[in-house]
$ cat input_14.txt   # compact mmCIF, C-alpha atoms and all ligand atoms
# COMPACT_ATOMS: atom_id res chain seq x y z
CA MET F 287 123.34 -24.01 1.13
CA THR F 288 124.18 -25.22 -2.38
CA THR F 289 123.62 -28.97 -2.11
CA GLN F 290 121.23 -29.02 -5.06
CA ARG F 291 124.34 -29.21 -7.27
CA TYR F 292 125.41 -32.48 -5.65
CA SER F 293 124.67 -35.88 -7.16
CA LEU F 294 123.16 -38.66 -5.07
CA PHE F 295 126.62 -40.23 -4.79
CA ASP F 296 128.09 -36.92 -3.51
CA ARG F 297 125.30 -36.73 -0.97
CA ILE F 298 125.99 -40.29 0.24
CA ILE F 299 129.66 -39.38 0.80
CA LEU F 300 128.70 -36.14 2.58
CA ASN F 301 126.28 -38.14 4.68
CA ALA F 302 128.97 -40.59 5.73
CA ASP F 303 131.12 -37.64 6.83
CA GLN F 304 128.13 -36.20 8.71
CA ALA F 305 127.49 -39.57 10.40
CA LEU F 306 131.06 -39.85 11.66
CA ARG F 307 131.04 -36.26 12.94
CA THR F 308 127.70 -36.79 14.70
CA VAL F 309 128.65 -39.98 16.46
CA PHE F 310 132.39 -39.59 17.04
CA GLY F 311 133.47 -36.03 16.29
CA THR F 312 132.60 -32.38 16.58
CA PRO F 313 129.31 -31.53 14.86
CA VAL F 314 129.19 -28.43 12.63
CA GLY F 315 126.25 -26.25 13.63
CA THR F 316 125.07 -22.71 12.96
CA GLY F 317 127.64 -21.19 15.34
CA ARG F 318 125.05 -20.00 17.88
CA PRO F 319 126.41 -19.75 21.43
CA ASN F 320 125.53 -22.45 23.94
CA PRO F 321 122.54 -21.06 25.95
CA ALA F 322 124.13 -22.44 29.13
CA THR F 323 127.11 -20.08 28.78
CA ALA F 324 125.17 -17.08 30.10
CA THR F 325 123.64 -19.11 32.95
CA ALA F 326 125.23 -19.55 36.37
CA ASP F 327 125.90 -23.12 37.43
CA ALA F 328 124.15 -23.90 40.72
CA GLU F 329 125.74 -26.14 43.34
CA LEU F 330 124.41 -29.63 42.62
CA SER F 331 124.66 -32.64 44.93
CA SER F 332 126.14 -35.83 43.48
CA THR F 333 122.65 -37.36 43.30
CA GLU F 334 121.35 -34.33 41.41
CA LYS F 335 124.35 -34.40 39.09
CA SER F 336 123.81 -38.03 38.18
CA ALA F 337 120.07 -37.42 37.65
CA SER F 338 120.88 -34.50 35.31
CA LEU F 339 123.53 -36.54 33.56
CA CYS F 340 121.12 -39.38 32.72
CA LEU F 341 118.55 -36.92 31.34
CA MET F 342 121.11 -34.99 29.29
CA ARG F 343 122.53 -38.24 27.89
CA VAL F 344 119.00 -39.09 26.70
CA ASN F 345 118.72 -35.64 25.10
CA HIS F 346 122.09 -36.04 23.42
CA ALA F 347 121.01 -39.43 22.01
CA GLY F 348 117.75 -37.81 20.85
CA GLU F 349 119.76 -35.22 18.94
CA VAL F 350 121.85 -37.99 17.34
CA CYS F 351 118.53 -39.47 16.15
CA ALA F 352 117.28 -36.06 14.96
CA GLN F 353 120.47 -35.51 13.01
CA ALA F 354 120.17 -38.92 11.34
CA LEU F 355 116.46 -38.47 10.59
CA TYR F 356 117.07 -35.14 8.88
CA GLN F 357 120.10 -36.42 6.99
CA GLY F 358 118.21 -39.52 5.88
CA GLN F 359 115.26 -37.49 4.67
CA ALA F 360 117.48 -34.94 2.91
CA LEU F 361 119.08 -37.86 1.09
CA THR F 362 115.80 -39.03 -0.45
CA ALA F 363 113.67 -35.84 -0.51
CA ARG F 364 112.39 -35.12 -3.99
CA ARG F 365 112.04 -31.33 -3.94
CA THR F 366 115.17 -29.20 -3.62
CA GLU F 367 113.37 -26.79 -1.24
CA THR F 368 112.42 -29.68 1.03
CA ARG F 369 115.99 -30.94 1.05
CA THR F 370 117.39 -27.46 1.73
CA GLN F 371 114.92 -26.96 4.58
CA MET F 372 115.96 -30.28 6.10
CA GLU F 373 119.63 -29.45 5.84
CA GLN F 374 119.06 -26.10 7.60
CA ALA F 375 117.14 -27.85 10.39
CA ALA F 376 119.93 -30.44 10.62
CA LEU F 377 122.42 -27.61 11.25
CA GLU F 378 120.29 -26.40 14.16
CA GLU F 379 120.02 -29.97 15.44
CA ASN F 380 123.81 -29.99 15.42
CA ASP F 381 123.79 -26.98 17.76
CA HIS F 382 121.59 -29.02 20.10
CA LEU F 383 123.89 -31.99 19.74
CA ALA F 384 126.97 -29.92 20.65
CA TRP F 385 125.22 -28.20 23.59
CA CYS F 386 124.03 -31.53 25.06
CA GLN F 387 127.47 -33.05 24.52
CA GLN F 388 129.10 -30.13 26.37
CA ARG F 389 126.63 -30.40 29.24
CA VAL F 390 127.12 -34.18 29.56
CA GLN F 391 130.88 -33.54 29.79
CA GLU F 392 130.43 -30.74 32.35
CA LEU F 393 128.40 -33.14 34.48
CA GLY F 394 131.30 -35.57 34.35
CA GLY F 395 129.66 -38.28 32.25
CA SER F 396 129.74 -39.76 28.79
CA THR F 397 127.28 -39.92 25.92
CA SER F 398 125.30 -43.07 25.06
CA LEU F 399 127.44 -46.03 23.99
CA LEU F 400 124.66 -46.97 21.61
CA ASN F 401 124.82 -43.73 19.59
CA PRO F 402 126.01 -45.53 16.40
CA LEU F 403 122.94 -47.76 16.67
CA TRP F 404 120.57 -44.79 17.23
CA TYR F 405 122.12 -43.04 14.24
CA ALA F 406 121.87 -46.04 11.89
CA GLY F 407 118.27 -46.80 12.84
CA SER F 408 117.13 -43.21 12.51
CA LEU F 409 118.95 -42.71 9.20
CA ALA F 410 117.13 -45.72 7.76
CA ILE F 411 113.76 -44.48 9.05
CA GLY F 412 114.46 -40.97 7.69
CA ALA F 413 115.51 -42.23 4.26
CA ALA F 414 112.50 -44.57 4.08
CA SER F 415 110.04 -41.81 4.97
CA GLY F 416 111.70 -39.54 2.39
CA LEU F 417 111.07 -42.20 -0.25
CA ILE F 418 107.35 -42.28 0.51
CA GLY F 419 107.07 -38.65 -0.58
CA ASP F 420 107.80 -35.14 0.61
CA GLN F 421 104.39 -34.42 2.14
CA TRP F 422 104.50 -37.58 4.26
CA SER F 423 108.13 -37.10 5.25
CA LEU F 424 107.38 -33.49 6.25
CA GLY F 425 104.40 -34.80 8.22
CA PHE F 426 106.68 -37.36 9.85
CA LEU F 427 109.11 -34.57 10.81
CA ALA F 428 106.33 -32.37 12.18
CA GLU F 429 105.08 -35.25 14.34
CA THR F 430 108.61 -36.10 15.50
CA GLU F 431 109.26 -32.48 16.50
CA GLN F 432 105.89 -32.30 18.27
CA GLN F 433 106.76 -35.40 20.29
CA VAL F 434 110.20 -33.92 21.08
CA VAL F 435 108.60 -30.70 22.37
CA LYS F 436 106.42 -32.80 24.69
CA HIS F 437 109.41 -34.88 25.77
CA LEU F 438 111.47 -31.74 26.53
CA ASP F 439 108.62 -30.37 28.65
CA GLY F 440 108.82 -33.56 30.70
CA HIS F 441 112.58 -33.25 31.13
CA LEU F 442 112.30 -29.58 32.10
CA GLN F 443 110.04 -30.76 34.95
CA ARG F 444 112.29 -33.66 35.91
CA LEU F 445 115.65 -31.85 35.99
CA PRO F 446 116.85 -30.89 39.48
CA SER F 447 115.62 -27.35 40.24
CA GLY F 448 119.18 -26.02 40.59
CA ASP F 449 120.32 -27.28 37.21
CA GLN F 450 119.80 -24.01 35.39
CA ARG F 451 122.43 -24.70 32.73
CA SER F 452 120.72 -27.86 31.46
CA LYS F 453 117.38 -26.07 31.58
CA ALA F 454 118.68 -23.14 29.52
CA ILE F 455 119.78 -25.61 26.83
CA LEU F 456 116.48 -27.51 26.83
CA GLN F 457 114.43 -24.30 26.68
CA GLN F 458 116.25 -23.12 23.55
CA MET F 459 115.97 -26.59 22.04
CA LYS F 460 112.24 -26.64 22.74
CA ALA F 461 111.78 -23.29 20.94
CA ASP F 462 113.79 -24.57 17.94
CA GLU F 463 111.89 -27.89 17.77
CA ALA F 464 108.55 -26.05 17.81
CA GLU F 465 109.79 -23.92 14.92
CA HIS F 466 110.96 -27.05 13.03
CA ARG F 467 107.48 -28.54 13.54
CA ASP F 468 105.76 -25.38 12.31
CA SER F 469 107.98 -25.01 9.26
CA ALA F 470 107.43 -28.67 8.28
CA LEU F 471 103.67 -28.06 8.49
CA ARG F 472 103.92 -24.80 6.54
CA ALA F 473 105.87 -26.66 3.85
CA GLY F 474 102.92 -29.05 3.39
CA GLY F 475 103.50 -31.81 5.96
CA ARG F 476 100.45 -34.08 6.31
CA GLN F 477 99.07 -35.38 9.58
CA LEU F 478 100.09 -38.99 10.11
CA PRO F 479 97.60 -41.74 10.98
CA GLU F 480 97.18 -42.29 14.71
CA THR F 481 98.70 -45.80 14.60
CA VAL F 482 101.91 -44.41 13.10
CA ARG F 483 102.04 -41.64 15.70
CA LYS F 484 101.63 -44.21 18.49
CA LEU F 485 104.35 -46.43 17.01
CA MET F 486 106.69 -43.42 16.85
CA ALA F 487 106.01 -42.60 20.50
CA LEU F 488 106.64 -46.23 21.44
CA SER F 489 109.96 -46.43 19.59
CA SER F 490 111.15 -43.17 21.13
CA ARG F 491 110.29 -44.56 24.58
CA VAL F 492 112.54 -47.55 23.87
CA MET F 493 115.40 -45.22 22.91
CA THR F 494 114.96 -42.81 25.82
CA SER F 495 114.70 -45.51 28.47
CA THR F 496 117.77 -47.32 27.08
CA ALA F 497 119.94 -44.18 26.66
CA TYR F 498 119.03 -43.18 30.25
CA ARG F 499 121.12 -46.15 31.41
CA ILE F 500 123.66 -46.83 28.62
FE FE O 601 116.98 -30.90 18.40
FE FE O 602 114.24 -30.22 15.68

$ encode --input "input_14.txt" --output "structure tokens"
Amino acid sequence: MTTQRYSLFDRIILNADQALRTVFGTPVGTGRPNPATATADAELSSTEKSASLCLMRVNHAGEVCAQALYQGQALTARRTETRTQMEQAALEENDHLAWCQQRVQELGGSTSLLNPLWYAGSLAIGAASGLIGDQWSLGFLAETEQQVVKHLDGHLQRLPSGDQRSKAILQQMKADEAEHRDSALRAGGRQLPETVRKLMALSSRVMTSTAYRI
């Protein structure tokens, strides 16, 4: 990754391209295979399919948010190493985004209509936390990833037992999110005050319950 040579203006243009790809196009990831590919699809009833679809639409919307958070923070991060680390994580989040998108399509549904809104809101939050300073923005990332790990655990429990393909995707995502959390902490992320952590959990509940339906 050689983005340290880019000016702020270049990065804004690249970010606009990234935003359009995330919300409307094909995201560019690391090239890892979809974990569902090696997993046999079980026979799911129509009720099970629609339950899986709602959950995977939520996970797709969550990855849109993750992408925007990382891009927003990379835009305003002060240290080059912090920015590079965020861009690498954003590539892995793009894998997640593509895998969830593929699974939503396999289940015969569509992604959240509100994705542009999720992206814009998360980009603003990411850029704002990047402005506060690298240690706080890394702490914000670590907390976000920790909450995502917890959320994915809940979805792994809630998915229909036969939906092995969705589970394979979520298990790999969970491992990646835990690594993103750990690397943000290793890079100096600070623990956020409890009120901020509670507010973050509350806002993610608003997004997840909305994307479940729309
Ligand atoms: Fe992710
Ligand atoms: Fe992550």

$ residues_near_ligand --input "input_14.txt" --ligand "ligand FE 601 (chain O)" --cutoff "8 Å" --atoms "all atoms listed in the file" --output "list in words"
Gly348, Glu349, Ala352, Gln353, Glu378, Glu379, Asn380, Asp381, His382, Leu383, Val434, Met459, Lys460, Asp462 and Glu463 of chain F

$ residues_around --input "input_14.txt" --residues "Asp439 (chain F)" --least-positions-apart "5" --cutoff "12 Å" --atoms "only C-alpha atoms" --output "PDB file with C-alpha atoms, in the frame of the given file"
ATOM      1  CA  ASN F 345     118.720 -35.640  25.100  1.00  0.00           C
ATOM      2  CA  GLN F 432     105.890 -32.300  18.270  1.00  0.00           C
ATOM      3  CA  GLN F 433     106.760 -35.400  20.290  1.00  0.00           C
ATOM      4  CA  VAL F 434     110.200 -33.920  21.080  1.00  0.00           C
ATOM      5  CA  ARG F 444     112.290 -33.660  35.910  1.00  0.00           C
ATOM      6  CA  LEU F 445     115.650 -31.850  35.990  1.00  0.00           C
ATOM      7  CA  LYS F 453     117.380 -26.070  31.580  1.00  0.00           C
ATOM      8  CA  LEU F 456     116.480 -27.510  26.830  1.00  0.00           C
ATOM      9  CA  GLN F 457     114.430 -24.300  26.680  1.00  0.00           C
ATOM     10  CA  GLN F 458     116.250 -23.120  23.550  1.00  0.00           C
ATOM     11  CA  MET F 459     115.970 -26.590  22.040  1.00  0.00           C
ATOM     12  CA  LYS F 460     112.240 -26.640  22.740  1.00  0.00           C
ATOM     13  CA  ALA F 461     111.780 -23.290  20.940  1.00  0.00           C
ATOM     14  CA  GLU F 463     111.890 -27.890  17.770  1.00  0.00           C
ATOM     15  CA  ALA F 464     108.550 -26.050  17.810  1.00  0.00           C
TER      16      ALA F 464
END

$ closest_residue --input "input_14.txt" --among "F:Gly395, F:Gly475, F:Gly407, F:Pro402" --to "Gln421 (chain F)" --atoms "only C-alpha atoms"
F:Gly475

$ residues_around --input "input_14.txt" --residues "Ala337 (chain F)" --least-positions-apart "5" --cutoff "12 Å" --atoms "all atoms listed in the file" --output "list of chain:residue names"
F:Leu330, F:Ser331, F:Ser332, F:Met342, F:Arg343, F:Val344, F:Val390, F:Leu393, F:Gly394, F:Gly395, F:His441, F:Arg444, F:Leu445, F:Pro446, F:Ser447, F:Gly448, F:Asp449, F:Ser452, F:Tyr498, F:Arg499

$ closest_residue --input "input_14.txt" --among "F:Ala375, F:Ala302, F:Leu427, F:Ala384" --to "Gln477 (chain F)" --atoms "only C-alpha atoms"
F:Leu427

$ closest_residue --input "input_14.txt" --among "F:Arg483, F:Arg491, F:His466, F:Arg472" --to "ligand FE 602 (chain O)" --atoms "only C-alpha atoms and all ligand atoms"
F:His466

$ closest_residue --input "input_14.txt" --among "F:Thr366, F:Asp296, F:Tyr356, F:Arg451" --to "ligand FE 602 (chain O)" --atoms "only C-alpha atoms and all ligand atoms"
F:Tyr356

$ closest_residue --input "input_14.txt" --among "F:Leu300, F:Cys340, F:Leu403, F:Val309" --to "Gln391 (chain F)" --atoms "all atoms listed in the file"
F:Cys340

$ residues_around --input "input_14.txt" --residues "Phe426 (chain F)" --least-positions-apart "4" --cutoff "10 Å" --atoms "all atoms listed in the file" --output "PyMOL selection string"
chain F and resi 355+412+415-416+420-422+430-432+467+470-471+475-478+482-483+486

$ closest_residue --input "input_14.txt" --among "F:Ala428, F:Leu339, F:Ala322, F:Leu438" --to "Ala497 (chain F)" --atoms "only C-alpha atoms"
F:Leu339

$ atom_distance --input "input_14.txt" --atom1 "CA of Gln371 (chain F)" --atom2 "CA of Phe310 (chain F)"
24.9 Å

$ atom_distance --input "input_14.txt" --atom1 "CA of Leu377 (chain F)" --atom2 "CA of Val314 (chain F)"
7.0 Å

$ atom_distance --input "input_14.txt" --atom1 "CA of Asn320 (chain F)" --atom2 "CA of Trp385 (chain F)"
5.8 Å

$ build_atoms --input "input_14.txt" --residues "region 384-396 of chain F" --atoms "N, CA and C atoms" --output "PDB file, in the coordinates of the input"
ATOM      1  N   ALA F 384     125.741 -30.439  20.015  1.00  0.00           N
ATOM      2  CA  ALA F 384     126.970 -29.920  20.650  1.00  0.00           C
ATOM      3  C   ALA F 384     126.674 -29.435  22.066  1.00  0.00           C
ATOM      4  N   TRP F 385     125.548 -28.728  22.248  1.00  0.00           N
ATOM      5  CA  TRP F 385     125.220 -28.200  23.590  1.00  0.00           C
ATOM      6  C   TRP F 385     125.004 -29.352  24.579  1.00  0.00           C
ATOM      7  N   CYS F 386     124.277 -30.381  24.156  1.00  0.00           N
ATOM      8  CA  CYS F 386     124.030 -31.530  25.060  1.00  0.00           C
ATOM      9  C   CYS F 386     125.338 -32.242  25.358  1.00  0.00           C
ATOM     10  N   GLN F 387     126.177 -32.387  24.329  1.00  0.00           N
ATOM     11  CA  GLN F 387     127.470 -33.050  24.520  1.00  0.00           C
ATOM     12  C   GLN F 387     128.303 -32.283  25.553  1.00  0.00           C
ATOM     13  N   GLN F 388     128.330 -30.940  25.423  1.00  0.00           N
ATOM     14  CA  GLN F 388     129.100 -30.130  26.370  1.00  0.00           C
ATOM     15  C   GLN F 388     128.554 -30.278  27.787  1.00  0.00           C
ATOM     16  N   ARG F 389     127.226 -30.301  27.903  1.00  0.00           N
ATOM     17  CA  ARG F 389     126.630 -30.400  29.240  1.00  0.00           C
ATOM     18  C   ARG F 389     126.898 -31.776  29.871  1.00  0.00           C
ATOM     19  N   VAL F 390     126.819 -32.832  29.057  1.00  0.00           N
ATOM     20  CA  VAL F 390     127.120 -34.180  29.560  1.00  0.00           C
ATOM     21  C   VAL F 390     128.559 -34.196  30.093  1.00  0.00           C
ATOM     22  N   GLN F 391     129.469 -33.572  29.352  1.00  0.00           N
ATOM     23  CA  GLN F 391     130.880 -33.540  29.790  1.00  0.00           C
ATOM     24  C   GLN F 391     131.036 -32.723  31.071  1.00  0.00           C
ATOM     25  N   GLU F 392     130.357 -31.573  31.133  1.00  0.00           N
ATOM     26  CA  GLU F 392     130.430 -30.740  32.350  1.00  0.00           C
ATOM     27  C   GLU F 392     129.955 -31.510  33.575  1.00  0.00           C
ATOM     28  N   LEU F 393     128.947 -32.376  33.355  1.00  0.00           N
ATOM     29  CA  LEU F 393     128.400 -33.140  34.480  1.00  0.00           C
ATOM     30  C   LEU F 393     129.254 -34.366  34.797  1.00  0.00           C
ATOM     31  N   GLY F 394     130.324 -34.519  34.056  1.00  0.00           N
ATOM     32  CA  GLY F 394     131.300 -35.570  34.350  1.00  0.00           C
ATOM     33  C   GLY F 394     130.929 -36.937  33.797  1.00  0.00           C
ATOM     34  N   GLY F 395     130.082 -36.984  32.779  1.00  0.00           N
ATOM     35  CA  GLY F 395     129.660 -38.280  32.250  1.00  0.00           C
ATOM     36  C   GLY F 395     130.033 -38.469  30.789  1.00  0.00           C
ATOM     37  N   SER F 396     129.483 -39.513  30.205  1.00  0.00           N
ATOM     38  CA  SER F 396     129.740 -39.760  28.790  1.00  0.00           C
ATOM     39  C   SER F 396     128.417 -39.967  28.058  1.00  0.00           C
TER      40      SER F 396
END
